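Enquirer: Got a structure for you, written out below as structure tokens; questions coming shortly.
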Amino acid sequence: MSGVALYPRTARSAVPAPARPETQGPESQDDVLTELCAALFASLPRSDQRRRGEAYVRGLLGTQGRKSIRNIAALIGGQAAEQSLHHFISSSTWDWTPVRRALAHYLARVSPPHAWVVRPMVIPKAGDNSVGVDRRFCPAVGQVLNAQEAVGVWAASAERSTPVNWRLHLSDTWLQDGLRRSQASIPDSVRPETLGECTVEAYTGMMRDWGLPLRPLVLDARDMDAPAALLRLRACGVPAMARISPSLRLTVSGPAVPGRGAEALPAHHILGAARDLRRPVMWRDHGPSRVVRTALTAAVRVGLPALRTAAVPGPARRRELLLLGVGENGLRWPAELWLTDMVNVPPAALVRLGKLLDRVDRDFTEISDEVGIRDFAGRSFSGWHRHVTLASAAHAVAALTGRPEESLQLGYVS
């Protein structure tokens, strides 16, 4: 990858328009949905597509239980609606990319993100017909599952977070099987990539031409090649912060820590030696209580081992990174390890950025899963993408109104 930034900071770092005041504009879930859908579906060429798009989002919010097309249709119009919605999601030709772009711009206007957060999503499946299903190790449960895996990019602030873009991670088994590719209608442009490459492209592909504000990117890189991901992002001009594995080996460049030199050491050993550098920082919990908590942090300037970065352009390889440890008094140190190229940002601000991963995890469980982000049962590549796009819109409505459980009065025109 070239060392030329894809999005210069001077062009992208302008602060977006302020969030809409709480006392103005739509307040009910129905009003927000109507306003959002008008913005999202402006790119759809036909009025019937726009009506079906809004009906599907309403169904995701109002249907009880699994958000299958059949269950959504049962709520809004029966068998005729089911056939129409199935075609709209799985067989229609509308492009989901402009809809996602409109969602991201809507959120940047009404709820400006503090950061973009990349989060993997594992979707367990009983069968093997759904696009991308394979045997995968799921760190969250510590076992191998039959599942799809995708990467989502979230617009995140301390108050709320919403997914705005998705990339399905497809294994070589799928991409090298001509019959499977044909049956799932996987485009020829989809090529094999590692999870780390999938993660970086989910973000850079979105930012390359969507005209969104540049914000720090936060990601959990414990299950991928964290240095490679950070260096690719740096080459694009993206300030990034990655949670890393304790065993990741780094070289110490900070003079205050024993072990400075050319030898690469595990990250947890480096921060163990920096225990005396710990300082307290305060941050506000993202849970309902919003209580102020205290953490201990220590930061050490580090570099990447030469062998891991031999193929990376020289200036990007030589720049220092900051290794940040986070923990609580009396507990295991460090509880979390982070690596970032934002070396001059105060540790307290970095801790707050890192906690946005918790915000996204909470909202995924409490909102995304509730609106059926993982409920698509079809086998087509485009159907999966259209479903998660509309589920992201439903998530946005619930997140902005604070009432994910509220049912909507549904209208549907076939």
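Residues in the structure tokens are named by chain (A, B, ... in the order shown) and by number from 1 within that chain; ligands are numbered from 1 in the order shown.
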Could you pull out all residues of region 344-398 of chain A with a DSSP call of alpha helix (DSSP H) and give them as a ChimeraX atom specification?
Expert: /A:347-354,356-363,381-398
Enquirer: Which residues of region 94-148 of chain A come within 9 Å of region 37-47 of chain A, and for each one, what is the closest pair of atoms and their distance in Å to one decimal, counting only C-alpha atoms, sorted by chain and residue number, as JSON lines?
Expert:
{"residue": "A:Trp94", "atom": "CA", "partner": "A:Leu44", "partner_atom": "CA", "distance": 6.5}
{"residue": "A:Asp95", "atom": "CA", "partner": "A:Leu44", "partner_atom": "CA", "distance": 8.0}
{"residue": "A:Pro98", "atom": "CA", "partner": "A:Ser43", "partner_atom": "CA", "distance": 6.5}
{"residue": "A:Val99", "atom": "CA", "partner": "A:Leu40", "partner_atom": "CA", "distance": 5.0}
{"residue": "A:Arg100", "atom": "CA", "partner": "A:Leu40", "partner_atom": "CA", "distance": 7.5}
{"residue": "A:Arg101", "atom": "CA", "partner": "A:Leu40", "partner_atom": "CA", "distance": 8.3}
{"residue": "A:Ala102", "atom": "CA", "partner": "A:Leu40", "partner_atom": "CA", "distance": 5.3}
{"residue": "A:Leu103", "atom": "CA", "partner": "A:Leu40", "partner_atom": "CA", "distance": 6.0}
{"residue": "A:Tyr106", "atom": "CA", "partner": "A:Ala39", "partner_atom": "CA", "distance": 7.6}
Enquirer: Could you save those same residues with C-alpha atoms as a compact mmCIF listing (two decimals), in the first residue's frame?
Expert:
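Below you can see part25.txt, which holds the result:
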# COMPACT_ATOMS: atom_id res chain seq x y z
CA TRP A 94 -30.97 -1.96 -5.35
CA ASP A 95 -27.50 -1.03 -4.13
CA PRO A 98 -25.70 4.52 -0.95
CA VAL A 99 -28.11 3.55 1.83
CA ARG A 100 -25.22 2.91 4.23
CA ARG A 101 -23.55 6.14 3.17
CA ALA A 102 -26.77 8.07 3.85
CA LEU A 103 -27.06 6.40 7.28
CA TYR A 106 -27.37 11.16 9.02
Enquirer: Hey, can you check how far CA of Gly205 (chain A) sits from CA of Leu217 (chain A)?
Expert: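 Here the two named atoms are 13.5 Å from each other.
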Enquirer: Compile the contact shell of Arg301 (chain A) as a ChimeraX atom specification: residues with an atom at most 9 Å away, counting only C-alpha atoms, same-chain residues fewer than 5 positions apart removed.
Expert: /A:251-255,320-324,343
Enquirer: Since we have the selection now, will you write its residues out, keeping all heavy atoms, as a PDB file, in the first residue's frame?
Expert:
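After the write, out_9.pdb holds the following:
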ATOM      1  N   THR A 251       9.424  -3.581  20.597  1.00  0.00           N
ATOM      2  CA  THR A 251      10.697  -3.075  21.109  1.00  0.00           C
ATOM      3  C   THR A 251      10.444  -1.799  21.901  1.00  0.00           C
ATOM      4  O   THR A 251       9.593  -0.986  21.533  1.00  0.00           O
ATOM      5  CB  THR A 251      11.672  -2.772  19.958  1.00  0.00           C
ATOM      6  OG1 THR A 251      11.075  -1.834  19.057  1.00  0.00           O
ATOM      7  CG2 THR A 251      12.021  -4.050  19.213  1.00  0.00           C
ATOM      8  N   VAL A 252      11.182  -1.637  22.998  1.00  0.00           N
ATOM      9  CA  VAL A 252      10.997  -0.484  23.886  1.00  0.00           C
ATOM     10  C   VAL A 252      11.877   0.666  23.414  1.00  0.00           C
ATOM     11  O   VAL A 252      13.083   0.498  23.216  1.00  0.00           O
ATOM     12  CB  VAL A 252      11.352  -0.856  25.345  1.00  0.00           C
ATOM     13  CG1 VAL A 252      11.187   0.361  26.250  1.00  0.00           C
ATOM     14  CG2 VAL A 252      10.479  -2.005  25.820  1.00  0.00           C
ATOM     15  N   SER A 253      11.270   1.841  23.249  1.00  0.00           N
ATOM     16  CA  SER A 253      12.046   3.029  22.904  1.00  0.00           C
ATOM     17  C   SER A 253      11.959   4.094  23.988  1.00  0.00           C
ATOM     18  O   SER A 253      12.724   5.052  23.971  1.00  0.00           O
ATOM     19  CB  SER A 253      11.567   3.616  21.564  1.00  0.00           C
ATOM     20  OG  SER A 253      10.179   3.886  21.588  1.00  0.00           O
ATOM     21  N   GLY A 254      11.019   3.943  24.932  1.00  0.00           N
ATOM     22  CA  GLY A 254      10.907   4.902  26.032  1.00  0.00           C
ATOM     23  C   GLY A 254      12.040   4.735  27.026  1.00  0.00           C
ATOM     24  O   GLY A 254      12.317   3.618  27.489  1.00  0.00           O
ATOM     25  N   PRO A 255      12.719   5.808  27.408  1.00  0.00           N
ATOM     26  CA  PRO A 255      13.899   5.692  28.281  1.00  0.00           C
ATOM     27  C   PRO A 255      13.586   5.341  29.725  1.00  0.00           C
ATOM     28  O   PRO A 255      14.472   4.914  30.458  1.00  0.00           O
ATOM     29  CB  PRO A 255      14.517   7.096  28.197  1.00  0.00           C
ATOM     30  CG  PRO A 255      13.360   8.003  27.866  1.00  0.00           C
ATOM     31  CD  PRO A 255      12.470   7.200  26.976  1.00  0.00           C
ATOM     32  N   GLU A 320       7.307   5.898  15.970  1.00  0.00           N
ATOM     33  CA  GLU A 320       7.014   5.303  17.270  1.00  0.00           C
ATOM     34  C   GLU A 320       5.513   5.072  17.432  1.00  0.00           C
ATOM     35  O   GLU A 320       4.681   5.748  16.843  1.00  0.00           O
ATOM     36  CB  GLU A 320       7.506   6.218  18.390  1.00  0.00           C
ATOM     37  CG  GLU A 320       8.990   6.184  18.642  1.00  0.00           C
ATOM     38  CD  GLU A 320       9.369   6.994  19.870  1.00  0.00           C
ATOM     39  OE1 GLU A 320       8.731   8.038  20.126  1.00  0.00           O
ATOM     40  OE2 GLU A 320      10.302   6.578  20.563  1.00  0.00           O
ATOM     41  N   LEU A 321       5.216   4.105  18.295  1.00  0.00           N
ATOM     42  CA  LEU A 321       3.854   3.831  18.734  1.00  0.00           C
ATOM     43  C   LEU A 321       3.812   3.966  20.243  1.00  0.00           C
ATOM     44  O   LEU A 321       4.854   3.985  20.915  1.00  0.00           O
ATOM     45  CB  LEU A 321       3.426   2.430  18.315  1.00  0.00           C
ATOM     46  CG  LEU A 321       3.383   2.137  16.812  1.00  0.00           C
ATOM     47  CD1 LEU A 321       3.189   0.650  16.570  1.00  0.00           C
ATOM     48  CD2 LEU A 321       2.284   2.938  16.135  1.00  0.00           C
ATOM     49  N   LEU A 322       2.602   4.043  20.776  1.00  0.00           N
ATOM     50  CA  LEU A 322       2.418   4.123  22.222  1.00  0.00           C
ATOM     51  C   LEU A 322       1.732   2.849  22.700  1.00  0.00           C
ATOM     52  O   LEU A 322       0.674   2.474  22.183  1.00  0.00           O
ATOM     53  CB  LEU A 322       1.574   5.354  22.590  1.00  0.00           C
ATOM     54  CG  LEU A 322       1.598   5.755  24.065  1.00  0.00           C
ATOM     55  CD1 LEU A 322       2.969   6.323  24.432  1.00  0.00           C
ATOM     56  CD2 LEU A 322       0.510   6.784  24.359  1.00  0.00           C
ATOM     57  N   LEU A 323       2.365   2.173  23.668  1.00  0.00           N
ATOM     58  CA  LEU A 323       1.780   1.004  24.307  1.00  0.00           C
ATOM     59  C   LEU A 323       1.132   1.455  25.604  1.00  0.00           C
ATOM     60  O   LEU A 323       1.807   2.005  26.476  1.00  0.00           O
ATOM     61  CB  LEU A 323       2.855  -0.049  24.581  1.00  0.00           C
ATOM     62  CG  LEU A 323       2.418  -1.296  25.351  1.00  0.00           C
ATOM     63  CD1 LEU A 323       1.373  -2.084  24.576  1.00  0.00           C
ATOM     64  CD2 LEU A 323       3.627  -2.175  25.674  1.00  0.00           C
ATOM     65  N   LEU A 324      -0.168   1.232  25.715  1.00  0.00           N
ATOM     66  CA  LEU A 324      -0.934   1.703  26.877  1.00  0.00           C
ATOM     67  C   LEU A 324      -1.467   0.514  27.654  1.00  0.00           C
ATOM     68  O   LEU A 324      -2.077  -0.396  27.075  1.00  0.00           O
ATOM     69  CB  LEU A 324      -2.093   2.591  26.409  1.00  0.00           C
ATOM     70  CG  LEU A 324      -3.001   3.173  27.501  1.00  0.00           C
ATOM     71  CD1 LEU A 324      -2.310   4.330  28.214  1.00  0.00           C
ATOM     72  CD2 LEU A 324      -4.333   3.646  26.911  1.00  0.00           C
ATOM     73  N   VAL A 343       0.530   9.136  19.752  1.00  0.00           N
ATOM     74  CA  VAL A 343       1.498   9.139  20.849  1.00  0.00           C
ATOM     75  C   VAL A 343       1.416  10.388  21.715  1.00  0.00           C
ATOM     76  O   VAL A 343       1.898  10.375  22.858  1.00  0.00           O
ATOM     77  CB  VAL A 343       2.941   8.985  20.298  1.00  0.00           C
ATOM     78  CG1 VAL A 343       3.111   7.623  19.646  1.00  0.00           C
ATOM     79  CG2 VAL A 343       3.273  10.097  19.316  1.00  0.00           C
TER      80      VAL A 343
END
Enquirer: Compile the contact shell of Val326 (chain A) as a ChimeraX atom specification: residues with an atom at most 10 Å away, counting only C-alpha atoms, same-chain residues fewer than 5 positions apart removed.
Expert: /A:271,278-281,295-299,332-338,347,351,354
Enquirer: Would you save the residues from that selection as a compact mmCIF listing (two decimals), in the first residue's frame, using all heavy atoms?
Expert:
# COMPACT_ATOMS: atom_id res chain seq x y z
N LEU A 271 4.89 -3.69 30.03
CA LEU A 271 4.07 -2.92 30.96
C LEU A 271 4.21 -3.41 32.39
O LEU A 271 3.99 -2.65 33.34
CB LEU A 271 2.61 -2.96 30.52
CG LEU A 271 2.33 -2.03 29.34
CD1 LEU A 271 0.94 -2.26 28.78
CD2 LEU A 271 2.48 -0.57 29.75
N ARG A 278 2.48 3.89 36.63
CA ARG A 278 1.02 3.96 36.59
C ARG A 278 0.50 5.24 37.24
O ARG A 278 1.00 5.68 38.27
CB ARG A 278 0.41 2.75 37.30
CG ARG A 278 0.63 1.44 36.57
CD ARG A 278 0.01 0.28 37.32
NE ARG A 278 0.62 0.12 38.65
CZ ARG A 278 0.22 -0.75 39.56
NH1 ARG A 278 -0.81 -1.55 39.29
NH2 ARG A 278 0.84 -0.84 40.72
N ARG A 279 -0.54 5.80 36.62
CA ARG A 279 -1.20 6.99 37.13
C ARG A 279 -2.71 6.80 37.03
O ARG A 279 -3.20 6.15 36.11
CB ARG A 279 -0.79 8.24 36.33
CG ARG A 279 0.69 8.57 36.39
CD ARG A 279 1.09 9.03 37.80
NE ARG A 279 2.49 9.41 37.84
CZ ARG A 279 3.49 8.59 38.13
NH1 ARG A 279 3.23 7.30 38.38
NH2 ARG A 279 4.74 9.02 38.16
N PRO A 280 -3.48 7.37 37.97
CA PRO A 280 -4.94 7.22 37.91
C PRO A 280 -5.55 8.14 36.85
O PRO A 280 -5.10 9.27 36.65
CB PRO A 280 -5.39 7.61 39.31
CG PRO A 280 -4.32 8.54 39.81
CD PRO A 280 -3.04 8.08 39.20
N VAL A 281 -6.57 7.64 36.17
CA VAL A 281 -7.38 8.46 35.27
C VAL A 281 -8.85 8.16 35.56
O VAL A 281 -9.19 7.08 36.06
CB VAL A 281 -7.08 8.18 33.78
CG1 VAL A 281 -5.64 8.51 33.46
CG2 VAL A 281 -7.39 6.74 33.42
N ALA A 295 -9.38 4.32 36.72
CA ALA A 295 -8.50 3.27 36.21
C ALA A 295 -7.06 3.70 36.41
O ALA A 295 -6.76 4.88 36.58
CB ALA A 295 -8.79 3.00 34.75
N LEU A 296 -6.17 2.73 36.39
CA LEU A 296 -4.74 3.01 36.42
C LEU A 296 -4.18 2.79 35.01
O LEU A 296 -4.53 1.82 34.34
CB LEU A 296 -4.02 2.08 37.40
CG LEU A 296 -4.38 2.27 38.88
CD1 LEU A 296 -3.69 1.20 39.71
CD2 LEU A 296 -3.99 3.66 39.37
N THR A 297 -3.32 3.70 34.58
CA THR A 297 -2.74 3.57 33.25
C THR A 297 -1.23 3.82 33.30
O THR A 297 -0.73 4.55 34.17
CB THR A 297 -3.34 4.58 32.25
OG1 THR A 297 -2.97 5.91 32.63
CG2 THR A 297 -4.85 4.46 32.20
N ALA A 298 -0.53 3.20 32.38
CA ALA A 298 0.89 3.49 32.15
C ALA A 298 1.11 3.41 30.65
O ALA A 298 0.52 2.56 29.97
CB ALA A 298 1.78 2.49 32.88
N ALA A 299 1.93 4.32 30.13
CA ALA A 299 2.18 4.38 28.68
C ALA A 299 3.67 4.34 28.41
O ALA A 299 4.45 5.00 29.11
CB ALA A 299 1.56 5.64 28.10
N ARG A 332 -5.41 -7.60 38.53
CA ARG A 332 -4.34 -8.00 37.62
C ARG A 332 -3.86 -6.81 36.80
O ARG A 332 -4.67 -6.02 36.28
CB ARG A 332 -4.85 -9.10 36.70
CG ARG A 332 -3.85 -9.55 35.64
CD ARG A 332 -4.41 -10.74 34.87
NE ARG A 332 -5.67 -10.42 34.22
CZ ARG A 332 -5.77 -9.93 32.98
NH1 ARG A 332 -4.67 -9.70 32.28
NH2 ARG A 332 -6.96 -9.69 32.44
N TRP A 333 -2.56 -6.67 36.67
CA TRP A 333 -1.99 -5.60 35.86
C TRP A 333 -1.11 -6.19 34.74
O TRP A 333 -0.31 -7.08 35.01
CB TRP A 333 -1.14 -4.65 36.72
CG TRP A 333 -0.34 -3.71 35.89
CD1 TRP A 333 0.98 -3.80 35.54
CD2 TRP A 333 -0.82 -2.52 35.25
NE1 TRP A 333 1.35 -2.77 34.73
CE2 TRP A 333 0.27 -1.96 34.53
CE3 TRP A 333 -2.06 -1.87 35.20
CZ2 TRP A 333 0.16 -0.78 33.79
CZ3 TRP A 333 -2.18 -0.71 34.46
CH2 TRP A 333 -1.08 -0.18 33.78
N PRO A 334 -1.32 -5.70 33.52
CA PRO A 334 -2.43 -4.85 33.06
C PRO A 334 -3.61 -5.70 32.65
O PRO A 334 -3.43 -6.81 32.14
CB PRO A 334 -1.83 -4.11 31.87
CG PRO A 334 -0.84 -5.09 31.31
CD PRO A 334 -0.28 -5.85 32.48
N ALA A 335 -4.81 -5.18 32.83
CA ALA A 335 -6.00 -5.92 32.41
C ALA A 335 -6.24 -5.78 30.91
O ALA A 335 -6.77 -6.68 30.28
CB ALA A 335 -7.22 -5.41 33.18
N GLU A 336 -5.86 -4.63 30.35
CA GLU A 336 -6.01 -4.39 28.92
C GLU A 336 -4.71 -3.81 28.38
O GLU A 336 -4.02 -3.06 29.09
CB GLU A 336 -7.15 -3.40 28.63
CG GLU A 336 -8.51 -3.84 29.09
CD GLU A 336 -9.56 -2.76 28.85
OE1 GLU A 336 -9.25 -1.76 28.16
OE2 GLU A 336 -10.68 -2.90 29.36
N LEU A 337 -4.38 -4.14 27.14
CA LEU A 337 -3.22 -3.57 26.47
C LEU A 337 -3.66 -2.99 25.14
O LEU A 337 -4.38 -3.64 24.37
CB LEU A 337 -2.13 -4.63 26.24
CG LEU A 337 -1.52 -5.27 27.49
CD1 LEU A 337 -2.17 -6.62 27.76
CD2 LEU A 337 -0.02 -5.44 27.32
N TRP A 338 -3.19 -1.77 24.88
CA TRP A 338 -3.57 -1.06 23.67
C TRP A 338 -2.32 -0.56 22.97
O TRP A 338 -1.34 -0.19 23.61
CB TRP A 338 -4.47 0.13 24.00
CG TRP A 338 -5.79 -0.25 24.60
CD1 TRP A 338 -6.06 -0.50 25.92
CD2 TRP A 338 -7.02 -0.42 23.91
NE1 TRP A 338 -7.38 -0.82 26.10
CE2 TRP A 338 -8.00 -0.78 24.87
CE3 TRP A 338 -7.40 -0.31 22.57
CZ2 TRP A 338 -9.33 -1.01 24.53
CZ3 TRP A 338 -8.72 -0.55 22.22
CH2 TRP A 338 -9.67 -0.90 23.20
N PRO A 347 -3.22 9.95 28.20
CA PRO A 347 -3.76 8.62 28.50
C PRO A 347 -5.23 8.61 28.86
O PRO A 347 -5.95 7.68 28.49
CB PRO A 347 -2.89 8.17 29.68
CG PRO A 347 -1.59 8.87 29.48
CD PRO A 347 -1.96 10.22 28.91
N VAL A 351 -7.98 6.21 27.17
CA VAL A 351 -8.82 5.27 27.92
C VAL A 351 -10.28 5.45 27.51
O VAL A 351 -11.02 4.48 27.29
CB VAL A 351 -8.65 5.47 29.44
CG1 VAL A 351 -9.72 4.68 30.21
CG2 VAL A 351 -7.26 5.01 29.87
N GLY A 354 -10.85 3.84 24.21
CA GLY A 354 -10.88 2.39 24.33
C GLY A 354 -12.20 1.88 24.89
O GLY A 354 -12.69 0.81 24.50
Enquirer: Work out how far apart CA of Pro305 (chain A) and CA of Leu248 (chain A) are and give it in Å to one decimal.
Expert: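 Interatomic distance here is 10.2 Å.
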Enquirer: Excluding Asp375 (chain A) and residues on its chain fewer than 6 positions from it, collect all residues at most 7 Å away from it, counting only C-alpha atoms, and give them as a list in words.
Expert: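 In the requested form, the answer reads Arg66, Lys67 and Ser68 of chain A.
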Enquirer: Those same residues, written as a compact mmCIF listing (two decimals), in the first residue's frame with C-alpha atoms?
Expert:
# COMPACT_ATOMS: atom_id res chain seq x y z
CA ARG A 66 -36.90 -13.90 15.29
CA LYS A 67 -36.85 -11.20 12.61
CA SER A 68 -37.28 -13.52 9.62
Enquirer: Go ahead and compute the interatomic distance for CA of Arg135 (chain A) and CA of Val190 (chain A), in Å to one decimal.
Expert: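 Straight-line distance from CA of Arg135 (chain A) to CA of Val190 (chain A) works out to 19.9 Å.
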Enquirer: Residues of region 61-303 of chain A in strand (DSSP E or B) according to DSSP, as a ChimeraX atom specification?
Expert: /A:115-124,134-138,143-156,161-168,217-220,240-243,249-252,265-266,279-284,292-303
Enquirer: Select, from A:Pro187, A:Gly62, A:Gly272, A:Gly178, the residue with the minimum atom-to-atom distance to Glu370 (chain A), counting only C-alpha atoms.
Expert: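 Among the listed residues, A:Gly62 lies closest to Glu370 (chain A).
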Enquirer: Looking at only C-alpha atoms, which of A:Arg359, A:Arg293, A:Arg52, A:Arg181 is the one that sits closest to Val118 (chain A)?
Expert: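 Using only C-alpha atoms, the shortest distance to Val118 (chain A) belongs to A:Arg359.
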Enquirer: For each of A:Leu400, A:Ala108, A:Val200, A:Leu179, take the minimum atom-to-atom distance to Val151 (chain A), counting only C-alpha atoms, then give the residue where this is smallest.
Expert: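 Looking at the shortest contact to Val151 (chain A), the residue is A:Val200.
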Enquirer: When you look at Leu219 (chain A) with a cut-off of 8 Å (counting only C-alpha atoms), what residues show up, excluding the ones that are within fewer than 2 positions of it in the same chain? I need them as number ranges by chain.
Expert: A: 117-119, 217, 221, 240-243, 357
